[in-house]
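Undergrad: Let me give you the structure first, and then I'll get to my questions.
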Amino acid sequence: MSIPQSGGGPIERPEQLAEYLESGCKPKEDWRIGTEHEKFGYCRDSLLPIPYEGERSVLTVLEGLRDGHGWAPLEEGGKLIGLTKDGANISLEPGGQLELSGAPLENIHQTCDEVNDHLRDVKDIADKVGVGFIGLGAAPVWTHEQMPLMPKGRYKLMDEYMGKVGTAGRIMMRRTCTVQVNLDFASETDMVRKMRVAVALQPVANALFGNSPFFEGQKNGVKSYRGWVWRNLDDARTGMIPFVFDEGFGFESWVQYALDVPMYFVYRDGKYIDALGQSFRDFMKGELPALPGEVPTLSDWADHLTTLFPEARLKKFIEMRGADGGPWRRLCALPAFWVGLMYDQTALDAAWDLVKDWTTPQREAMRIAAADEGLAARVDGIQMLDLAREVVDIAEAGLKARARPGAGGLVPDETHFLNALKESVESGMSPADELLAQYNGPWNGDLSRIYSEFSY
């Protein structure tokens, strides 16, 4: 989850809220790719999650990256809770999941190099202290009580609030992981087309990347338990946001949506001030109960935008949020999937043609079916596997058209990063299906095998 935002003075005009989003518009030559991924850490001997502090802990890994790999520390309340270097951040999810928020990069070759360097550095430190890391959509065995809450004020407030809305918020916080990519837009019109394609096709990403068929030591009956969790969390800030498909949707529409989402906090002087359930509209009028008489800054607005959790999220860029965390290869496949669809106009138009006639109920049904059944899902005659195959083909065509070479020009484009997805549509098996095949076959129901065979 996001670190506190900075910069920006008081909001003096309501128009500044939409102008903040619009300021993200960039010419195509300046479009970048920002990849984020989360992973679970565990003790190799006990197979239990690592705590925040101790010989084998999140803190040990952060300190190793700080001291041995040139990362600068980020602290809160005297606690090391993150790192920064060269435009990238390493942060902690609520249950101790380690997240890399990558730098904005020009192509997927660079993105994959960044991921590889990060995982290699983390593994170097983890191996020395008996810690392992694994990429899954949900913790396969651990209970809520075994997952420590990290020492961040934001998480303490969220944990309290999640107990009052929905049923799965605390599961999301402690026991799920994702991989996502952040992409740019050229104009409001471009943003609208990309947001509509992004929201409509998140279920396809969830089906292709579904990787959480286990929970609390047993099969949970779905392919993406993380996808199930997000359906049962907080209706005010999650979901398929159907207004994105309304005529006239634009930056101002997103502002009005965001203003209606209840607040979590206000960040002041290194501390999170409880504003749970309060209104940013009241804040704009200087009537926020948590800070009476104060009006928000643009940093407050930026912070508030990070507390919205729909399937695709608009900030100064668009975040694709539908995929489970997963194995090494898929950390590069996710940006390849979305860049291929979004950064070539012909591909973007082809993707829109696929989804433009879907109704709100169909999109919601796709979301549910993708998490529950993965690539075997079927909605109103639409077979998920066939749809995924077609979407991957469009993404591949988009990457070919981009023609961004790598390896000193030896690799002509970025299409090979889609190979893991092409294998899935050829076999009909997502990572969840592969895990279940192992569990029901060679593992003979021994879920502890997942750590030795699927860790980074």
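In the structure tokens, the first chain shown is A, the next is B, and so on; residue numbers restart at 1 for each chain, and ligands run from 1 in the order shown.
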Just want the 12 Å neighbourhood of A:Asp349, counted on only C-alpha atoms, with same-chain residues fewer than 6 positions away dropped. Output as a PDB file with N, CA and C atoms, in the first residue's frame.

TA:
```
ATOM      1  N   ASP A 190      -8.212   9.610 -23.776  1.00  0.00           N
ATOM      2  CA  ASP A 190      -7.389   8.398 -23.702  1.00  0.00           C
ATOM      3  C   ASP A 190      -7.585   7.706 -22.362  1.00  0.00           C
ATOM      4  N   ARG A 193     -10.963   5.716 -22.367  1.00  0.00           N
ATOM      5  CA  ARG A 193     -10.901   4.456 -23.105  1.00  0.00           C
ATOM      6  C   ARG A 193     -10.091   3.418 -22.323  1.00  0.00           C
ATOM      7  N   LYS A 194      -8.972   3.824 -21.769  1.00  0.00           N
ATOM      8  CA  LYS A 194      -8.132   2.885 -21.019  1.00  0.00           C
ATOM      9  C   LYS A 194      -8.817   2.412 -19.740  1.00  0.00           C
ATOM     10  N   ARG A 196     -12.009   2.114 -19.181  1.00  0.00           N
ATOM     11  CA  ARG A 196     -13.098   1.206 -19.525  1.00  0.00           C
ATOM     12  C   ARG A 196     -12.565  -0.176 -19.900  1.00  0.00           C
ATOM     13  N   VAL A 197     -11.516  -0.215 -20.691  1.00  0.00           N
ATOM     14  CA  VAL A 197     -10.906  -1.506 -21.037  1.00  0.00           C
ATOM     15  C   VAL A 197     -10.304  -2.151 -19.792  1.00  0.00           C
ATOM     16  N   GLY A 340       0.751  -4.290 -23.634  1.00  0.00           N
ATOM     17  CA  GLY A 340       0.355  -4.692 -24.979  1.00  0.00           C
ATOM     18  C   GLY A 340      -1.036  -4.217 -25.333  1.00  0.00           C
ATOM     19  N   LEU A 341      -1.944  -4.213 -24.366  1.00  0.00           N
ATOM     20  CA  LEU A 341      -3.318  -3.768 -24.617  1.00  0.00           C
ATOM     21  C   LEU A 341      -3.455  -2.256 -24.632  1.00  0.00           C
ATOM     22  N   MET A 342      -2.674  -1.560 -23.822  1.00  0.00           N
ATOM     23  CA  MET A 342      -2.919  -0.145 -23.563  1.00  0.00           C
ATOM     24  C   MET A 342      -2.020   0.821 -24.326  1.00  0.00           C
ATOM     25  N   TYR A 343      -0.822   0.403 -24.684  1.00  0.00           N
ATOM     26  CA  TYR A 343       0.139   1.362 -25.227  1.00  0.00           C
ATOM     27  C   TYR A 343       0.260   1.316 -26.747  1.00  0.00           C
ATOM     28  N   VAL A 355     -15.264  -5.611 -25.544  1.00  0.00           N
ATOM     29  CA  VAL A 355     -16.007  -5.433 -24.291  1.00  0.00           C
ATOM     30  C   VAL A 355     -17.069  -4.348 -24.347  1.00  0.00           C
ATOM     31  N   LYS A 356     -17.133  -3.583 -25.417  1.00  0.00           N
ATOM     32  CA  LYS A 356     -17.961  -2.372 -25.411  1.00  0.00           C
ATOM     33  C   LYS A 356     -19.454  -2.657 -25.279  1.00  0.00           C
ATOM     34  N   VAL A 391      -7.618 -12.060 -25.874  1.00  0.00           N
ATOM     35  CA  VAL A 391      -7.020 -10.873 -25.261  1.00  0.00           C
ATOM     36  C   VAL A 391      -5.491 -10.974 -25.273  1.00  0.00           C
ATOM     37  N   ILE A 394      -4.279 -10.099 -28.657  1.00  0.00           N
ATOM     38  CA  ILE A 394      -4.290  -8.646 -28.884  1.00  0.00           C
ATOM     39  C   ILE A 394      -3.089  -8.003 -28.199  1.00  0.00           C
ATOM     40  N   ALA A 395      -2.807  -8.421 -26.965  1.00  0.00           N
ATOM     41  CA  ALA A 395      -1.654  -7.878 -26.246  1.00  0.00           C
ATOM     42  C   ALA A 395      -0.354  -8.180 -26.995  1.00  0.00           C
ATOM     43  N   GLY A 398      -0.022  -5.872 -29.830  1.00  0.00           N
ATOM     44  CA  GLY A 398       0.344  -4.543 -29.355  1.00  0.00           C
ATOM     45  C   GLY A 398       1.815  -4.435 -29.024  1.00  0.00           C
TER      46      GLY A 398
END
```

Undergrad: I'd like the neighbourhood of A:Asp386 as a PyMOL selection string, where a residue qualifies if any of its atoms comes within 12 Å (using only C-alpha atoms), though same-chain residues fewer than 3 positions away should be ignored.

TA: chain A and resi 204+207-208+354+375-379+381-383+389-393+422+424-428

Undergrad: Those residues you just picked out, can you put them in a file as a PDB file, in the first residue's frame with C-alpha atoms?

TA:
```pdb
ATOM      1  CA  VAL A 204      -9.476 -11.880 -17.482  1.00  0.00           C
ATOM      2  CA  ALA A 207      -8.458 -15.719 -14.329  1.00  0.00           C
ATOM      3  CA  LEU A 208      -5.014 -15.829 -15.949  1.00  0.00           C
ATOM      4  CA  LEU A 354     -14.355  -6.967 -27.351  1.00  0.00           C
ATOM      5  CA  LEU A 375     -10.171 -20.016 -16.989  1.00  0.00           C
ATOM      6  CA  ALA A 376     -13.062 -22.493 -16.840  1.00  0.00           C
ATOM      7  CA  ALA A 377     -15.572 -19.693 -16.193  1.00  0.00           C
ATOM      8  CA  ARG A 378     -18.476 -19.080 -18.562  1.00  0.00           C
ATOM      9  CA  VAL A 379     -20.791 -16.049 -18.522  1.00  0.00           C
ATOM     10  CA  GLY A 381     -22.006 -17.796 -23.523  1.00  0.00           C
ATOM     11  CA  ILE A 382     -18.620 -16.116 -23.114  1.00  0.00           C
ATOM     12  CA  GLN A 383     -16.015 -18.775 -22.355  1.00  0.00           C
ATOM     13  CA  ARG A 389      -6.768 -16.376 -25.621  1.00  0.00           C
ATOM     14  CA  GLU A 390      -8.135 -13.544 -27.736  1.00  0.00           C
ATOM     15  CA  VAL A 391      -7.020 -10.873 -25.261  1.00  0.00           C
ATOM     16  CA  VAL A 392      -3.489 -12.330 -25.031  1.00  0.00           C
ATOM     17  CA  ASP A 393      -3.331 -12.328 -28.839  1.00  0.00           C
ATOM     18  CA  LYS A 422       0.325 -18.210 -23.763  1.00  0.00           C
ATOM     19  CA  SER A 424      -1.917 -20.980 -19.779  1.00  0.00           C
ATOM     20  CA  VAL A 425      -4.338 -20.412 -22.650  1.00  0.00           C
ATOM     21  CA  GLU A 426      -2.878 -23.377 -24.525  1.00  0.00           C
ATOM     22  CA  SER A 427      -3.200 -25.700 -21.534  1.00  0.00           C
ATOM     23  CA  GLY A 428      -6.284 -24.131 -19.971  1.00  0.00           C
TER      24      GLY A 428
END
```

Undergrad: Could you check which of A:Glu434, A:Val244, A:Met191, A:Asp124 is closest to A:Gly68, using only C-alpha atoms?

TA: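 Using only C-alpha atoms, the shortest distance to A:Gly68 belongs to A:Asp124.
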
Undergrad: With distances taken over only C-alpha atoms, which residue among A:Phe283, A:Phe251, A:Tyr456, A:Tyr272 lies nearest A:Lys316?

TA: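 Distance minimum relative to A:Lys316 lands on A:Phe251.
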
Undergrad: Go through A:Ala302, A:Ile108, A:Leu47, A:Leu92 and flag the residue nearest A:Val411, using only C-alpha atoms for the distances.

TA: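 The closest residue to A:Val411 is A:Ile108.
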